[in-house]
Amino acid sequence: MSQRVRLGALRLTALGLAILLWLFVTVERRGERPAEKVVEATVTYNPPPGMMILDPVEKVRVRLRGSDRAIRRINPFQIDVQVVVPASREGAVEVQLQPENVLMPAGLEVVSLEPNVLRLHVDQEVRRLLPV
């Protein structure tokens, strides 16, 4: 094999390795790029025993941030907002929503909640036996 052919083969090998390294680095960074998505999440209430929520808010808009890969994989059914109602008597109650109220897959963070305050009406649960 001549010197010229060997030098050409080494150059092609170096070029191939450089291209593979560039592809590896760009694919790794693509998964780490931050992205955001707004999801309509269902709200689950946990009222005190013997109390019930009248006209509850069913959905809350949650803005999530995470890697591009995690955001693409998110399913709206994986996001749930859990509200513990702190009322011990009936009447109007305001509940401030925090990121801690949101149940979601790992690797995501809550940017905002809309609405971030729920105005609820709590009433006492009554049970009666009625003739049929």
# chains A, B, ... in the order shown; residues from 1 in each chain; ligands from 1

call {"tool": "residues_around", "arguments": {"residues": "region 64-70 of chain A", "least_positions_apart": "3", "cutoff": "9 Å", "atoms": "only C-alpha atoms", "output": "ChimeraX atom specification"}}
result
/A:30-39,73-74,105-112

call {"tool": "write_last_selection", "arguments": {"atoms": "N, CA and C atoms", "output": "CSV table (one decimal), in the first residue's frame"}}
result
chain,number,residue,atom,x,y,z
A,30,ARG,N,-30.1,17.4,22.5
A,30,ARG,CA,-31.5,17.6,22.1
A,30,ARG,C,-32.4,17.1,23.2
A,31,GLY,N,-32.1,16.0,23.9
A,31,GLY,CA,-32.9,15.5,25.0
A,31,GLY,C,-32.9,16.4,26.2
A,32,GLU,N,-31.8,17.2,26.3
A,32,GLU,CA,-31.7,18.1,27.5
A,32,GLU,C,-32.3,19.5,27.3
A,33,ARG,N,-32.7,19.8,26.1
A,33,ARG,CA,-33.2,21.1,25.9
A,33,ARG,C,-34.5,21.4,26.6
A,34,PRO,N,-34.6,22.4,27.4
A,34,PRO,CA,-35.8,22.7,28.2
A,34,PRO,C,-37.0,23.0,27.3
A,35,ALA,N,-38.2,22.5,27.6
A,35,ALA,CA,-39.4,22.8,26.9
A,35,ALA,C,-40.5,23.0,27.9
A,36,GLU,N,-41.6,23.6,27.4
A,36,GLU,CA,-42.8,23.8,28.2
A,36,GLU,C,-44.0,23.3,27.5
A,37,LYS,N,-45.0,23.0,28.3
A,37,LYS,CA,-46.3,22.5,27.7
A,37,LYS,C,-47.4,22.8,28.7
A,38,VAL,N,-48.5,23.2,28.2
A,38,VAL,CA,-49.7,23.5,29.0
A,38,VAL,C,-50.6,22.3,28.9
A,39,VAL,N,-51.1,21.8,30.1
A,39,VAL,CA,-51.9,20.6,30.1
A,39,VAL,C,-53.2,20.9,31.0
A,73,ARG,N,-43.2,13.1,25.9
A,73,ARG,CA,-43.8,11.8,26.4
A,73,ARG,C,-45.0,12.0,27.4
A,74,ILE,N,-45.3,13.3,27.8
A,74,ILE,CA,-46.3,13.5,28.8
A,74,ILE,C,-47.7,13.2,28.2
A,105,PRO,N,-45.3,12.9,36.5
A,105,PRO,CA,-44.1,12.1,36.4
A,105,PRO,C,-42.8,12.8,36.8
A,106,ALA,N,-41.8,12.1,37.2
A,106,ALA,CA,-40.5,12.7,37.6
A,106,ALA,C,-39.9,13.4,36.4
A,107,GLY,N,-39.0,14.3,36.6
A,107,GLY,CA,-38.3,15.0,35.6
A,107,GLY,C,-39.1,16.3,35.1
A,108,LEU,N,-40.2,16.6,35.7
A,108,LEU,CA,-41.0,17.8,35.3
A,108,LEU,C,-41.1,18.7,36.5
A,109,GLU,N,-41.3,20.0,36.2
A,109,GLU,CA,-41.6,21.0,37.2
A,109,GLU,C,-42.7,21.8,36.8
A,110,VAL,N,-43.5,22.3,37.8
A,110,VAL,CA,-44.7,23.1,37.6
A,110,VAL,C,-44.2,24.6,37.5
A,111,VAL,N,-44.5,25.3,36.4
A,111,VAL,CA,-44.2,26.7,36.2
A,111,VAL,C,-45.4,27.5,36.7
A,112,SER,N,-46.6,27.2,36.4
A,112,SER,CA,-47.7,28.0,36.8
A,112,SER,C,-49.0,27.1,36.8

call {"tool": "select_by_dssp", "arguments": {"residues": "region 5-125 of chain A", "states": "strand (DSSP E or B)", "output": "ChimeraX atom specification"}}
result
/A:34-46,51-54,59-67,80-84,91-96,102-103,108-114,117-124

call {"tool": "atom_distance", "arguments": {"atom1": "CA of Pro76 (chain A)", "atom2": "CA of Lys59 (chain A)"}}
result
11.2 Å

call {"tool": "closest_residue", "arguments": {"among": "A:Ala92, A:Ile71, A:Val81, A:Met51", "to": "Asp123 (chain A)", "atoms": "only C-alpha atoms"}}
result
A:Met51

call {"tool": "select_by_dssp", "arguments": {"residues": "chain A", "states": "helix (DSSP H, G or I)", "output": "number ranges by chain"}}
result
A: 3-32, 68-73, 76-78, 99-101

call {"tool": "closest_residue", "arguments": {"among": "A:Gln124, A:Gln98, A:Gln82, A:Asn75", "to": "Val43 (chain A)", "atoms": "only C-alpha atoms"}}
result
A:Gln82

call {"tool": "closest_residue", "arguments": {"among": "A:Ser88, A:Asn101, A:Asn116, A:Gln96", "to": "Pro47 (chain A)", "atoms": "only C-alpha atoms"}}
result
A:Ser88

call {"tool": "atom_distance", "arguments": {"atom1": "CA of Phe77 (chain A)", "atom2": "CA of Thr44 (chain A)"}}
result
12.6 Å

call {"tool": "residues_around", "arguments": {"residues": "Arg61 (chain A)", "least_positions_apart": "4", "cutoff": "6 Å", "atoms": "only C-alpha atoms", "output": "list in words"}}
result
Val39, Glu40, Leu113 and Glu114 of chain A

call {"tool": "write_last_selection", "arguments": {"atoms": "all heavy atoms", "output": "PDB file, in the first residue's frame"}}
result
ATOM      1  N   VAL A  39     -51.064  21.790  30.084  1.00  0.00           N
ATOM      2  CA  VAL A  39     -51.902  20.598  30.141  1.00  0.00           C
ATOM      3  C   VAL A  39     -53.154  20.910  30.960  1.00  0.00           C
ATOM      4  O   VAL A  39     -53.076  21.574  31.996  1.00  0.00           O
ATOM      5  CB  VAL A  39     -51.128  19.428  30.806  1.00  0.00           C
ATOM      6  CG1 VAL A  39     -51.992  18.205  30.943  1.00  0.00           C
ATOM      7  CG2 VAL A  39     -49.873  19.116  30.033  1.00  0.00           C
ATOM      8  N   GLU A  40     -54.300  20.431  30.479  1.00  0.00           N
ATOM      9  CA  GLU A  40     -55.547  20.519  31.255  1.00  0.00           C
ATOM     10  C   GLU A  40     -55.562  19.337  32.227  1.00  0.00           C
ATOM     11  O   GLU A  40     -55.689  18.190  31.800  1.00  0.00           O
ATOM     12  CB  GLU A  40     -56.758  20.439  30.329  1.00  0.00           C
ATOM     13  CG  GLU A  40     -56.948  21.656  29.461  1.00  0.00           C
ATOM     14  CD  GLU A  40     -57.669  22.776  30.176  1.00  0.00           C
ATOM     15  OE1 GLU A  40     -58.507  22.490  31.049  1.00  0.00           O
ATOM     16  OE2 GLU A  40     -57.372  23.934  29.858  1.00  0.00           O
ATOM     17  N   LEU A 113     -49.981  27.565  37.589  1.00  0.00           N
ATOM     18  CA  LEU A 113     -51.302  26.945  37.663  1.00  0.00           C
ATOM     19  C   LEU A 113     -52.329  28.027  37.381  1.00  0.00           C
ATOM     20  O   LEU A 113     -52.222  29.140  37.902  1.00  0.00           O
ATOM     21  CB  LEU A 113     -51.553  26.369  39.059  1.00  0.00           C
ATOM     22  CG  LEU A 113     -50.688  25.189  39.451  1.00  0.00           C
ATOM     23  CD1 LEU A 113     -50.609  25.072  40.946  1.00  0.00           C
ATOM     24  CD2 LEU A 113     -51.238  23.936  38.854  1.00  0.00           C
ATOM     25  N   GLU A 114     -53.324  27.699  36.565  1.00  0.00           N
ATOM     26  CA  GLU A 114     -54.370  28.670  36.243  1.00  0.00           C
ATOM     27  C   GLU A 114     -55.723  28.026  36.325  1.00  0.00           C
ATOM     28  O   GLU A 114     -55.983  27.085  35.570  1.00  0.00           O
ATOM     29  CB  GLU A 114     -54.126  29.204  34.837  1.00  0.00           C
ATOM     30  CG  GLU A 114     -55.026  30.342  34.449  1.00  0.00           C
ATOM     31  CD  GLU A 114     -54.723  30.821  33.041  1.00  0.00           C
ATOM     32  OE1 GLU A 114     -53.562  30.956  32.664  1.00  0.00           O
ATOM     33  OE2 GLU A 114     -55.702  31.025  32.315  1.00  0.00           O
TER      34      GLU A 114
END

call {"tool": "closest_residue", "arguments": {"among": "A:Val60, A:Ala18, A:Leu129, A:Leu23", "to": "Val83 (chain A)", "atoms": "only C-alpha atoms"}}
result
A:Val60
